[in-house]
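Engineer: I'd like to ask you about the structure that follows.
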Amino acid sequence: MDATQPIILRIAGRVSPADVPLLCAELSARLRGADVAAEVTEVICDVGGLTHADLAAVDAVARLQLTARRLGGRIQLRDTGPELRALLELVGLGEVA
């Protein structure tokens, strides 16, 4: 994969706590498969399909952000609803949205 092309990760439905490690593992595998040179790989996390903005979704975003940073990536959310945006602002992750 070309590091100039963003990685698209779609999150839909309701995120459960059990989903978070699976999402992080998927992102980790995709970032490791990317051709990451000196550039930061952009990860677009499409959350437009989320049905519930709750703490599990916030946990997923926070852990995905940590996973991306550890592997030279940067998370940007797409189609963030107002409820999720408000929760992210509340916990200090507003810059991701």
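Identifiers in this document derive from the order of the structure tokens: chains are assigned A, B, ..., residues are numbered from 1 separately in each chain, and ligands are numbered from 1 in order of occurrence.
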List every residue of chain A that DSSP, applied to the backbone of this structure, assigns to alpha helix (DSSP H), and report them as a ChimeraX atom specification.

Structural biologist: /A:19-33,55-70,82-90

Engineer: Neighbouring residues of region 73-78 of chain A were defined as those with any atom within 6 Å, considering only C-alpha atoms; residues of the same chain fewer than 6 positions away were excluded. Please report them as a list in words.

Structural biologist: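 My reading of the contact set: Val40, Thr41, Glu42, Val43, Ile44, Cys45, Asp46, Gln65, Val96 and Ala97 of chain A.
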
Engineer: With distances taken over only C-alpha atoms, which residue among A:Ala53, A:Leu31, A:Leu66, A:Val47 lies nearest Thr80 (chain A)?

Structural biologist: A:Val47

Engineer: Determine, counting only C-alpha atoms, which protein, DNA and RNA residues have an atom within 8 Å of an atom of region 48-52 of chain A; residues of the same chain fewer than 2 positions away are not included. Present the result as a tab-separated table (two decimals) with all heavy atoms, in the first residue's frame.

Structural biologist:
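The file below, selection32.tsv, is the result:
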chain	number	residue	atom	x	y	z
A	10	ARG	N	-13.78	1.49	8.37
A	10	ARG	CA	-15.20	1.80	8.59
A	10	ARG	C	-15.68	1.14	9.87
A	10	ARG	O	-15.45	-0.05	10.08
A	10	ARG	CB	-16.03	1.33	7.41
A	10	ARG	CG	-15.83	2.20	6.20
A	10	ARG	CD	-16.66	1.76	5.00
A	10	ARG	NE	-16.47	2.67	3.89
A	10	ARG	CZ	-15.45	2.66	3.07
A	10	ARG	NH1	-14.49	1.78	3.24
A	10	ARG	NH2	-15.35	3.53	2.07
A	11	ILE	N	-16.38	1.94	10.68
A	11	ILE	CA	-16.98	1.43	11.91
A	11	ILE	C	-18.47	1.68	11.80
A	11	ILE	O	-18.90	2.82	11.62
A	11	ILE	CB	-16.39	2.13	13.16
A	11	ILE	CG1	-14.88	1.93	13.21
A	11	ILE	CG2	-17.05	1.61	14.41
A	11	ILE	CD1	-14.20	2.67	14.34
A	12	ALA	N	-19.24	0.61	11.91
A	12	ALA	CA	-20.69	0.73	11.76
A	12	ALA	C	-21.40	-0.07	12.85
A	12	ALA	O	-20.79	-0.91	13.51
A	12	ALA	CB	-21.12	0.23	10.39
A	13	GLY	N	-22.67	0.23	13.02
A	13	GLY	CA	-23.47	-0.47	14.02
A	13	GLY	C	-23.17	0.05	15.41
A	13	GLY	O	-22.88	1.23	15.60
A	14	ARG	N	-23.22	-0.84	16.35
A	14	ARG	CA	-22.92	-0.48	17.73
A	14	ARG	C	-21.59	-1.13	18.12
A	14	ARG	O	-21.41	-2.33	17.95
A	14	ARG	CB	-24.02	-0.96	18.66
A	14	ARG	CG	-23.82	-0.53	20.07
A	14	ARG	CD	-24.99	-0.89	20.95
A	14	ARG	NE	-24.91	-0.08	22.16
A	14	ARG	CZ	-25.93	0.27	22.86
A	14	ARG	NH1	-27.14	-0.11	22.51
A	14	ARG	NH2	-25.77	1.00	23.94
A	15	VAL	N	-20.67	-0.35	18.63
A	15	VAL	CA	-19.37	-0.86	19.05
A	15	VAL	C	-19.51	-1.40	20.46
A	15	VAL	O	-20.00	-0.71	21.35
A	15	VAL	CB	-18.29	0.25	19.02
A	15	VAL	CG1	-16.98	-0.27	19.55
A	15	VAL	CG2	-18.13	0.79	17.62
A	46	ASP	N	-14.12	6.07	9.20
A	46	ASP	CA	-15.47	6.45	8.81
A	46	ASP	C	-16.44	5.93	9.87
A	46	ASP	O	-16.67	4.72	9.97
A	46	ASP	CB	-15.80	5.87	7.45
A	46	ASP	CG	-17.13	6.34	6.90
A	46	ASP	OD1	-17.96	6.86	7.68
A	46	ASP	OD2	-17.34	6.19	5.69
A	54	ASP	N	-21.48	6.11	22.25
A	54	ASP	CA	-21.39	5.84	23.68
A	54	ASP	C	-19.92	5.70	24.06
A	54	ASP	O	-19.03	5.93	23.25
A	54	ASP	CB	-22.21	4.60	24.05
A	54	ASP	CG	-21.81	3.35	23.27
A	54	ASP	OD1	-20.74	3.37	22.62
A	54	ASP	OD2	-22.56	2.36	23.30
A	57	ALA	N	-17.72	3.47	21.90
A	57	ALA	CA	-17.27	4.12	20.66
A	57	ALA	C	-16.11	5.07	20.95
A	57	ALA	O	-15.14	5.13	20.20
A	57	ALA	CB	-18.42	4.86	20.00
A	78	ARG	N	-14.33	10.60	9.96
A	78	ARG	CA	-15.19	11.09	8.88
A	78	ARG	C	-16.63	10.81	9.28
A	78	ARG	O	-16.94	9.76	9.83
A	78	ARG	CB	-14.86	10.35	7.59
A	78	ARG	CG	-15.78	10.77	6.44
A	78	ARG	CD	-15.63	9.88	5.24
A	78	ARG	NE	-14.33	10.04	4.62
A	78	ARG	CZ	-13.83	9.19	3.75
A	78	ARG	NH1	-14.50	8.11	3.40
A	78	ARG	NH2	-12.65	9.39	3.21
A	79	ASP	N	-17.51	11.76	8.97
A	79	ASP	CA	-18.95	11.64	9.23
A	79	ASP	C	-19.27	11.44	10.71
A	79	ASP	O	-20.11	10.62	11.07
A	79	ASP	CB	-19.57	10.50	8.41
A	79	ASP	CG	-19.54	10.78	6.92
A	79	ASP	OD1	-19.53	11.98	6.55
A	79	ASP	OD2	-19.52	9.83	6.13
A	80	THR	N	-18.60	12.22	11.53
A	80	THR	CA	-18.82	12.14	12.98
A	80	THR	C	-20.13	12.83	13.33
A	80	THR	O	-20.32	14.00	13.02
A	80	THR	CB	-17.67	12.83	13.73
A	80	THR	OG1	-16.44	12.34	13.24
A	80	THR	CG2	-17.77	12.59	15.22
A	81	GLY	N	-21.02	12.10	13.97
A	81	GLY	CA	-22.29	12.66	14.39
A	81	GLY	C	-22.11	13.59	15.58
A	81	GLY	O	-21.08	13.56	16.27

Engineer: Can you tell me which residues surround Ala18 (chain A) at a distance of at most 10 Å, considering only C-alpha atoms, apart from same-chain residues fewer than 3 positions away, and format the answer as a ChimeraX atom specification?

Structural biologist: /A:15,21-23,56,60

Engineer: Okay, now the selection with C-alpha atoms, as a PDB file, in the first residue's frame?

Structural biologist:
ATOM      1  CA  VAL A  15     -19.369  -0.857  19.050  1.00  0.00           C
ATOM      2  CA  PRO A  21      -9.261  -5.019  20.336  1.00  0.00           C
ATOM      3  CA  LEU A  22     -10.422  -6.446  16.999  1.00  0.00           C
ATOM      4  CA  LEU A  23     -10.556  -2.981  15.427  1.00  0.00           C
ATOM      5  CA  ALA A  56     -17.459   2.045  23.861  1.00  0.00           C
ATOM      6  CA  ALA A  60     -12.536   2.559  20.229  1.00  0.00           C
TER       7      ALA A  60
END

Engineer: Using Å and a single decimal, report how far CA of Val20 (chain A) sits from CA of Pro6 (chain A).

Structural biologist: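 One can read the CA of Pro6 (chain A) to CA of Val20 (chain A) distance as 20.8 Å.
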